[in-house]
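Worksheet: the structure to be examined is printed underneath.
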Amino acid sequence: MNKTIRRASVFTLLLVFALLIRATWVQFYEGRALADDKENRRNAIETYAEPLGNIIVAGRSITGSAPTEGGDLAYKRTYEKGKLYAAVTGYASQAYAPTQLEGIYQDVLNGTDPRLKTVMDTITGTRAEPGNVVTTIDPEVQKAGFEALGETKGAAVAIDPKTGRILSVVSTPSYDPTSLTDANTAGEAWERLTSDPDKPLTNRALRQPLPPGSTFKLVVAAAALEDGLYGSVDEKTDSPDPYTLPGTVTDLTNENPNAPCEDATIRTALQYSCNNVFAKMAVDLGQDKLRAMAERFGFNDESQDVPVRAYTSVYPKDMNKSSTALTGIGQFDVTATPLQMAMVSAALANGGELVSPHMVSQITDSGGDVLEDTDPDSKRIVSSSTAEQLRSAMETVVEKGTGSNARISGATVGGKTGTAQHGENNSKTPYAWFTSYAKSDSSDKEVAVAVIIEQSDAARSEVSGNGLAAPVAKAMMEAALKG
């Protein structure tokens, strides 16, 4: 063989090897990436080739699947009472990525989760029968919150303090997920929903932290008792009225100028929602101690999964004393979701222990066999003594103070109202908050609830936690205690 032919043969062989290596690379490395690409139409065809598994509430499916007419996608997702449960389910769409529980458990619901495969599925390479997601949602509590919120822009969360089971997640205005399921009609619905200034696709209960206002005073009071700044909720505080913010000439006043807020006890300060007491208390404690207590309740947790990832509720850092004072009344850069404020009440109701909130109890296969059980953690937030004292003070708020609209016959109810400033120089309608718990006097049932009314038809002068948010909480607590 002459030299030229030999070189040509070697070069050709190298090209063949290069092609083999490239084919192997594409097949075994890039193949999975190509298969998982969201633009790969085959994924949607496979997902909607058969009915999806379902999301279960109280033993009943609130989702389904329906045959489509024409096209290469055989089925589409359907929802029963879609607006009622949208903040729980999210949506599974032929056109858009799934959200909420539909997104988190999409592998279970479309049958691609490896835990669903039988031996025969593995041998034949067929897709397994889809599984189901069993939620902790109580339909009566969900309905009560949804109807009580009505046409307002707001949200509510209800938790069983003893188990951490989330009984309700409501966000209004809501939307019907069914409008987004069909690829042929989803685009129009998507345009309408995303351009709506009320943002119905936003889950306000879990994913929109806002200033918590005076509901945050519970966290401040907990820090003061745990630190020993004050020995009990009935010990007088050192609280001038009005209180001049440190380093300024600005006096912090109270909503009710006639309230007995000067040197008030924690009980009285919660009853009348005395700003001077908690602003001064925040400064006396210092931002580090207050932040530590807030974080024990769940603030600044960037991985708060229920299992939907909740947006982080924030207690800020690096403040001067006047800003620290404002955090004591739930303003400045303090933000919280309704979930977070429900967790505060749940921990106090449960003797100072917080059981991890969750809204999924089990994952099952198509036959009902359990693939995964939720086993929530429990951690102590404050001592049982501190929790007991704050419950007593919260009950005074409902019995004699600003939370009177939450009273329930046959139940012990504790709560805290809040009205948070909104806009530059408080130029916009304030947010109305209420966080609470209720325990039945005749059974062992109990519940913790937090409600925010972001916007309503009420006049600005009528916006208050007691007037707007407490009635919603009451309706939800009554439903939970009857259930």
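A note on labels: chains of the structure tokens are A, B, ... as shown, every chain counts residues from 1, and ligands are counted from 1 in their shown order.
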
I'd like to know which residues of stretch 205-308 of chain A are strand (DSSP E or B) (by DSSP, run on the backbone); could you write them as a PDB file with all heavy atoms, in the first residue's frame?
ATOM      1  N   LEU A 210     -46.409  40.786  52.256  1.00  0.00           N
ATOM      2  CA  LEU A 210     -46.729  42.203  52.398  1.00  0.00           C
ATOM      3  C   LEU A 210     -46.491  42.626  53.845  1.00  0.00           C
ATOM      4  O   LEU A 210     -46.388  41.759  54.729  1.00  0.00           O
ATOM      5  CB  LEU A 210     -48.191  42.454  52.014  1.00  0.00           C
ATOM      6  CG  LEU A 210     -48.559  42.201  50.545  1.00  0.00           C
ATOM      7  CD1 LEU A 210     -50.071  42.227  50.359  1.00  0.00           C
ATOM      8  CD2 LEU A 210     -47.885  43.215  49.628  1.00  0.00           C
ATOM      9  N   LYS A 236     -46.115  46.017  83.767  1.00  0.00           N
ATOM     10  CA  LYS A 236     -46.082  47.300  83.072  1.00  0.00           C
ATOM     11  C   LYS A 236     -44.780  47.451  82.290  1.00  0.00           C
ATOM     12  O   LYS A 236     -43.714  47.029  82.740  1.00  0.00           O
ATOM     13  CB  LYS A 236     -46.234  48.450  84.064  1.00  0.00           C
ATOM     14  CG  LYS A 236     -47.662  48.726  84.500  1.00  0.00           C
ATOM     15  CD  LYS A 236     -47.752  50.006  85.302  1.00  0.00           C
ATOM     16  CE  LYS A 236     -49.208  50.355  85.588  1.00  0.00           C
ATOM     17  NZ  LYS A 236     -49.941  50.715  84.342  1.00  0.00           N
ATOM     18  N   TYR A 243     -44.311  58.047  71.541  1.00  0.00           N
ATOM     19  CA  TYR A 243     -42.924  57.604  71.566  1.00  0.00           C
ATOM     20  C   TYR A 243     -42.180  58.272  70.417  1.00  0.00           C
ATOM     21  O   TYR A 243     -42.591  58.167  69.250  1.00  0.00           O
ATOM     22  CB  TYR A 243     -42.865  56.081  71.431  1.00  0.00           C
ATOM     23  CG  TYR A 243     -41.476  55.520  71.290  1.00  0.00           C
ATOM     24  CD1 TYR A 243     -40.531  55.694  72.289  1.00  0.00           C
ATOM     25  CD2 TYR A 243     -41.115  54.797  70.147  1.00  0.00           C
ATOM     26  CE1 TYR A 243     -39.252  55.174  72.160  1.00  0.00           C
ATOM     27  CE2 TYR A 243     -39.847  54.267  70.014  1.00  0.00           C
ATOM     28  CZ  TYR A 243     -38.912  54.455  71.018  1.00  0.00           C
ATOM     29  OH  TYR A 243     -37.650  53.946  70.898  1.00  0.00           O
ATOM     30  N   THR A 244     -41.108  58.973  70.741  1.00  0.00           N
ATOM     31  CA  THR A 244     -40.308  59.638  69.712  1.00  0.00           C
ATOM     32  C   THR A 244     -39.312  58.641  69.130  1.00  0.00           C
ATOM     33  O   THR A 244     -38.510  58.047  69.860  1.00  0.00           O
ATOM     34  CB  THR A 244     -39.549  60.839  70.293  1.00  0.00           C
ATOM     35  OG1 THR A 244     -40.497  61.746  70.886  1.00  0.00           O
ATOM     36  CG2 THR A 244     -38.775  61.568  69.206  1.00  0.00           C
ATOM     37  N   ASP A 251     -42.841  61.754  66.326  1.00  0.00           N
ATOM     38  CA  ASP A 251     -43.582  61.041  67.368  1.00  0.00           C
ATOM     39  C   ASP A 251     -44.441  59.950  66.744  1.00  0.00           C
ATOM     40  O   ASP A 251     -45.178  60.196  65.772  1.00  0.00           O
ATOM     41  CB  ASP A 251     -44.492  62.006  68.138  1.00  0.00           C
ATOM     42  CG  ASP A 251     -43.715  62.888  69.109  1.00  0.00           C
ATOM     43  OD1 ASP A 251     -42.580  62.512  69.459  1.00  0.00           O
ATOM     44  OD2 ASP A 251     -44.252  63.949  69.492  1.00  0.00           O
ATOM     45  N   LEU A 252     -44.320  58.750  67.303  1.00  0.00           N
ATOM     46  CA  LEU A 252     -45.152  57.629  66.864  1.00  0.00           C
ATOM     47  C   LEU A 252     -46.397  57.596  67.732  1.00  0.00           C
ATOM     48  O   LEU A 252     -46.319  57.413  68.945  1.00  0.00           O
ATOM     49  CB  LEU A 252     -44.375  56.313  66.994  1.00  0.00           C
ATOM     50  CG  LEU A 252     -45.075  55.059  66.462  1.00  0.00           C
ATOM     51  CD1 LEU A 252     -45.286  55.149  64.954  1.00  0.00           C
ATOM     52  CD2 LEU A 252     -44.257  53.816  66.801  1.00  0.00           C
ATOM     53  N   THR A 265     -49.191  47.351  79.842  1.00  0.00           N
ATOM     54  CA  THR A 265     -48.730  45.963  79.853  1.00  0.00           C
ATOM     55  C   THR A 265     -48.839  45.399  78.434  1.00  0.00           C
ATOM     56  O   THR A 265     -49.513  45.968  77.572  1.00  0.00           O
ATOM     57  CB  THR A 265     -49.598  45.108  80.786  1.00  0.00           C
ATOM     58  OG1 THR A 265     -50.931  45.046  80.251  1.00  0.00           O
ATOM     59  CG2 THR A 265     -49.637  45.683  82.192  1.00  0.00           C
ATOM     60  N   ASP A 305     -41.233  25.129  52.026  1.00  0.00           N
ATOM     61  CA  ASP A 305     -42.017  24.316  51.100  1.00  0.00           C
ATOM     62  C   ASP A 305     -43.189  23.666  51.824  1.00  0.00           C
ATOM     63  O   ASP A 305     -42.994  23.030  52.863  1.00  0.00           O
ATOM     64  CB  ASP A 305     -41.161  23.220  50.481  1.00  0.00           C
ATOM     65  CG  ASP A 305     -39.992  23.784  49.696  1.00  0.00           C
ATOM     66  OD1 ASP A 305     -40.145  24.884  49.133  1.00  0.00           O
ATOM     67  OD2 ASP A 305     -38.938  23.130  49.647  1.00  0.00           O
TER      68      ASP A 305
END

12 Å contact set for A:Glu372, only C-alpha atoms, chain neighbours under 2 positions out, as a list of chain:residue names:
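So, after excluding close chain neighbours, the residues are A:Tyr105, A:Val108, A:Arg115, A:Leu116, A:Gly131, A:Asn132, A:Val133, A:Val134, A:Val360, A:Ser361, A:Gln362, A:Ile363, A:Thr364, A:Asp365, A:Gly368, A:Asp369, A:Val370, A:Thr374, A:Asp375.
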
Go ahead and write the selection's residues with all heavy atoms as a compact mmCIF listing (two decimals), in the first residue's frame.
# COMPACT_ATOMS: atom_id res chain seq x y z
N TYR A 105 -45.90 17.75 41.39
CA TYR A 105 -46.14 16.30 41.28
C TYR A 105 -46.48 15.87 39.87
O TYR A 105 -47.18 14.88 39.67
CB TYR A 105 -47.25 15.89 42.25
CG TYR A 105 -46.87 16.08 43.69
CD1 TYR A 105 -47.42 17.10 44.45
CD2 TYR A 105 -45.93 15.25 44.31
CE1 TYR A 105 -47.07 17.29 45.78
CE2 TYR A 105 -45.56 15.43 45.63
CZ TYR A 105 -46.15 16.46 46.36
OH TYR A 105 -45.80 16.64 47.68
N VAL A 108 -45.70 12.21 39.09
CA VAL A 108 -46.67 11.28 39.68
C VAL A 108 -47.96 11.30 38.88
O VAL A 108 -48.53 10.24 38.54
CB VAL A 108 -46.96 11.66 41.15
CG1 VAL A 108 -48.12 10.83 41.70
CG2 VAL A 108 -45.72 11.46 42.00
N ARG A 115 -41.39 5.32 40.84
CA ARG A 115 -42.03 4.54 41.90
C ARG A 115 -43.34 3.90 41.44
O ARG A 115 -43.85 2.98 42.09
CB ARG A 115 -42.29 5.43 43.11
CG ARG A 115 -41.03 5.94 43.79
CD ARG A 115 -41.35 6.94 44.88
NE ARG A 115 -41.99 8.15 44.36
CZ ARG A 115 -42.40 9.16 45.12
NH1 ARG A 115 -42.25 9.11 46.42
NH2 ARG A 115 -42.95 10.23 44.56
N LEU A 116 -43.89 4.39 40.34
CA LEU A 116 -45.17 3.88 39.86
C LEU A 116 -45.02 2.63 38.98
O LEU A 116 -45.98 1.91 38.75
CB LEU A 116 -45.90 4.96 39.06
CG LEU A 116 -46.33 6.20 39.83
CD1 LEU A 116 -46.74 7.30 38.86
CD2 LEU A 116 -47.50 5.87 40.76
N GLY A 131 -50.32 8.21 39.31
CA GLY A 131 -50.68 8.20 40.72
C GLY A 131 -51.55 9.39 41.07
O GLY A 131 -51.93 10.21 40.21
N ASN A 132 -51.86 9.52 42.36
CA ASN A 132 -52.72 10.58 42.85
C ASN A 132 -52.05 11.34 43.99
O ASN A 132 -51.20 10.80 44.70
CB ASN A 132 -54.06 10.00 43.34
CG ASN A 132 -54.83 9.32 42.23
OD1 ASN A 132 -54.94 9.85 41.13
ND2 ASN A 132 -55.34 8.13 42.51
N VAL A 133 -52.46 12.58 44.18
CA VAL A 133 -51.95 13.44 45.25
C VAL A 133 -53.09 13.69 46.22
O VAL A 133 -54.11 14.27 45.86
CB VAL A 133 -51.43 14.78 44.68
CG1 VAL A 133 -50.96 15.69 45.81
CG2 VAL A 133 -50.30 14.54 43.69
N VAL A 134 -52.91 13.25 47.46
CA VAL A 134 -53.95 13.38 48.49
C VAL A 134 -53.62 14.60 49.35
O VAL A 134 -52.59 14.63 50.01
CB VAL A 134 -54.03 12.12 49.36
CG1 VAL A 134 -55.15 12.25 50.40
CG2 VAL A 134 -54.26 10.88 48.49
N VAL A 360 -50.14 18.40 51.57
CA VAL A 360 -50.24 17.08 50.96
C VAL A 360 -49.94 16.05 52.04
O VAL A 360 -48.93 16.13 52.73
CB VAL A 360 -49.24 16.92 49.79
CG1 VAL A 360 -49.19 15.48 49.32
CG2 VAL A 360 -49.64 17.83 48.63
N SER A 361 -50.86 15.09 52.18
CA SER A 361 -50.67 14.06 53.20
C SER A 361 -50.05 12.79 52.64
O SER A 361 -49.25 12.14 53.30
CB SER A 361 -52.00 13.72 53.88
OG SER A 361 -52.94 13.23 52.94
N GLN A 362 -50.41 12.45 51.39
CA GLN A 362 -49.91 11.21 50.80
C GLN A 362 -49.80 11.33 49.28
O GLN A 362 -50.51 12.11 48.65
CB GLN A 362 -50.87 10.04 51.10
CG GLN A 362 -50.92 9.60 52.54
CD GLN A 362 -51.89 8.44 52.74
OE1 GLN A 362 -52.83 8.26 51.96
NE2 GLN A 362 -51.65 7.64 53.77
N ILE A 363 -48.91 10.51 48.75
CA ILE A 363 -48.86 10.25 47.32
C ILE A 363 -49.19 8.77 47.14
O ILE A 363 -48.59 7.92 47.81
CB ILE A 363 -47.46 10.54 46.73
CG1 ILE A 363 -47.02 11.96 47.07
CG2 ILE A 363 -47.45 10.31 45.23
CD1 ILE A 363 -47.94 13.02 46.57
N THR A 364 -50.13 8.44 46.27
CA THR A 364 -50.53 7.05 46.09
C THR A 364 -50.42 6.64 44.63
O THR A 364 -50.38 7.49 43.73
CB THR A 364 -51.98 6.81 46.55
OG1 THR A 364 -52.88 7.46 45.63
CG2 THR A 364 -52.22 7.37 47.95
N ASP A 365 -50.37 5.33 44.40
CA ASP A 365 -50.43 4.85 43.03
C ASP A 365 -51.89 4.76 42.60
O ASP A 365 -52.80 5.12 43.36
CB ASP A 365 -49.70 3.51 42.87
CG ASP A 365 -50.32 2.38 43.68
OD1 ASP A 365 -51.49 2.49 44.12
OD2 ASP A 365 -49.63 1.35 43.87
N GLY A 368 -54.28 3.08 44.98
CA GLY A 368 -54.44 3.61 46.32
C GLY A 368 -53.34 3.23 47.28
O GLY A 368 -53.35 3.65 48.45
N ASP A 369 -52.37 2.44 46.83
CA ASP A 369 -51.24 2.09 47.70
C ASP A 369 -50.35 3.31 47.91
O ASP A 369 -50.05 4.05 46.95
CB ASP A 369 -50.41 0.96 47.10
CG ASP A 369 -51.17 -0.36 47.09
OD1 ASP A 369 -52.05 -0.54 47.95
OD2 ASP A 369 -50.89 -1.19 46.21
N VAL A 370 -49.91 3.52 49.14
CA VAL A 370 -49.16 4.72 49.49
C VAL A 370 -47.71 4.62 49.02
O VAL A 370 -47.00 3.68 49.36
CB VAL A 370 -49.20 4.97 51.01
CG1 VAL A 370 -48.36 6.18 51.38
CG2 VAL A 370 -50.64 5.18 51.47
N THR A 374 -46.45 12.01 54.25
CA THR A 374 -45.84 13.21 54.81
C THR A 374 -45.62 13.02 56.31
O THR A 374 -46.54 12.67 57.04
CB THR A 374 -46.73 14.44 54.58
OG1 THR A 374 -46.88 14.64 53.18
CG2 THR A 374 -46.11 15.68 55.21
N ASP A 375 -44.39 13.22 56.74
CA ASP A 375 -44.03 13.09 58.16
C ASP A 375 -43.47 14.43 58.63
O ASP A 375 -42.26 14.67 58.56
CB ASP A 375 -43.00 11.98 58.35
CG ASP A 375 -42.67 11.73 59.81
OD1 ASP A 375 -43.47 12.15 60.67
OD2 ASP A 375 -41.62 11.12 60.08

List the spatial neighbours of A:Ser442 as a ChimeraX atom specification - criterion: any atom at most 12 Å away, only C-alpha atoms, same-chain residues fewer than 4 positions off excluded.
/A:409-412,446,481-482

Residues as selected, all heavy atoms, written as an mmCIF file, in the first residue's frame, can you do that?
data_model
loop_
_atom_site.group_PDB
_atom_site.id
_atom_site.type_symbol
_atom_site.label_atom_id
_atom_site.label_comp_id
_atom_site.auth_asym_id
_atom_site.auth_seq_id
_atom_site.Cartn_x
_atom_site.Cartn_y
_atom_site.Cartn_z
ATOM 1 N N SER A 409 -69.328 31.485 69.428
ATOM 2 C CA SER A 409 -70.019 30.836 70.538
ATOM 3 C C SER A 409 -69.564 29.383 70.656
ATOM 4 O O SER A 409 -69.489 28.662 69.657
ATOM 5 C CB SER A 409 -71.531 30.895 70.308
ATOM 6 O OG SER A 409 -72.219 30.222 71.338
ATOM 7 N N GLY A 410 -69.241 28.956 71.869
ATOM 8 C CA GLY A 410 -68.815 27.577 72.088
ATOM 9 C C GLY A 410 -67.361 27.319 71.770
ATOM 10 O O GLY A 410 -66.941 26.168 71.660
ATOM 11 N N ALA A 411 -66.569 28.389 71.609
ATOM 12 C CA ALA A 411 -65.144 28.225 71.306
ATOM 13 C C ALA A 411 -64.340 29.316 71.990
ATOM 14 O O ALA A 411 -64.832 30.415 72.242
ATOM 15 C CB ALA A 411 -64.902 28.265 69.808
ATOM 16 N N THR A 412 -63.096 28.986 72.303
ATOM 17 C CA THR A 412 -62.140 29.968 72.821
ATOM 18 C C THR A 412 -61.344 30.504 71.645
ATOM 19 O O THR A 412 -60.716 29.732 70.914
ATOM 20 C CB THR A 412 -61.200 29.323 73.844
ATOM 21 O OG1 THR A 412 -61.971 28.801 74.930
ATOM 22 C CG2 THR A 412 -60.205 30.341 74.371
ATOM 23 N N GLU A 446 -59.173 22.294 66.858
ATOM 24 C CA GLU A 446 -58.620 23.627 66.916
ATOM 25 C C GLU A 446 -58.085 24.012 65.544
ATOM 26 O O GLU A 446 -57.851 23.155 64.687
ATOM 27 C CB GLU A 446 -57.527 23.735 67.969
ATOM 28 C CG GLU A 446 -56.370 22.768 67.790
ATOM 29 C CD GLU A 446 -55.407 22.817 68.964
ATOM 30 O OE1 GLU A 446 -55.717 22.224 70.017
ATOM 31 O OE2 GLU A 446 -54.349 23.465 68.822
ATOM 32 N N LEU A 481 -64.059 24.019 63.121
ATOM 33 C CA LEU A 481 -64.476 23.436 64.397
ATOM 34 C C LEU A 481 -65.719 22.563 64.251
ATOM 35 O O LEU A 481 -65.932 21.653 65.037
ATOM 36 C CB LEU A 481 -64.740 24.549 65.411
ATOM 37 C CG LEU A 481 -63.543 25.437 65.762
ATOM 38 C CD1 LEU A 481 -63.911 26.431 66.855
ATOM 39 C CD2 LEU A 481 -62.345 24.598 66.214
ATOM 40 N N LYS A 482 -66.513 22.809 63.218
ATOM 41 C CA LYS A 482 -67.700 21.981 62.981
ATOM 42 C C LYS A 482 -67.358 20.715 62.220
ATOM 43 O O LYS A 482 -68.075 19.735 62.299
ATOM 44 C CB LYS A 482 -68.747 22.786 62.180
ATOM 45 C CG LYS A 482 -69.421 23.887 62.968
ATOM 46 C CD LYS A 482 -70.395 24.630 62.066
ATOM 47 C CE LYS A 482 -71.080 25.769 62.811
ATOM 48 N NZ LYS A 482 -71.987 26.561 61.930
#

From the set A:Leu84, A:Ile453, A:Ala325, A:Ala221, which residue has the shortest atom-to-atom contact distance to A:Val233, counting only C-alpha atoms?
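So, comparing all the options, the nearest one is A:Ala221.
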
Would you list the contacts of A:Ser464 as a ChimeraX atom specification, taking every protein, DNA or RNA residue within 7 Å and counting only C-alpha atoms, but skipping same-chain residues closer than 2 positions in sequence?
/A:419,432,462,466-468

Contacts of A:Arg380 within 7 Å, only C-alpha atoms, excl. fewer than 2 positions in-chain, as a PyMOL selection string:
chain A and resi 352-354+378+382

Go ahead and write the selection's residues with N, CA, C and O atoms as a short mmCIF file (atom, residue, chain, number, x, y, z; two decimals), in the first residue's frame.
data_model
loop_
_atom_site.label_atom_id
_atom_site.label_comp_id
_atom_site.auth_asym_id
_atom_site.auth_seq_id
_atom_site.Cartn_x
_atom_site.Cartn_y
_atom_site.Cartn_z
N GLY A 352 -46.43 26.56 71.91
CA GLY A 352 -45.09 27.04 71.60
C GLY A 352 -44.34 26.18 70.61
O GLY A 352 -43.22 26.50 70.23
N GLU A 353 -44.94 25.07 70.14
CA GLU A 353 -44.31 24.19 69.16
C GLU A 353 -44.96 24.38 67.80
O GLU A 353 -46.19 24.40 67.69
N LEU A 354 -44.13 24.48 66.77
CA LEU A 354 -44.63 24.63 65.41
C LEU A 354 -44.42 23.32 64.65
O LEU A 354 -43.30 22.86 64.48
N SER A 378 -41.42 18.90 63.92
CA SER A 378 -41.95 19.78 64.96
C SER A 378 -40.77 20.43 65.68
O SER A 378 -39.78 19.76 65.98
N VAL A 382 -41.21 28.92 71.18
CA VAL A 382 -41.15 29.62 72.47
C VAL A 382 -41.54 28.63 73.56
O VAL A 382 -42.08 27.55 73.29
#
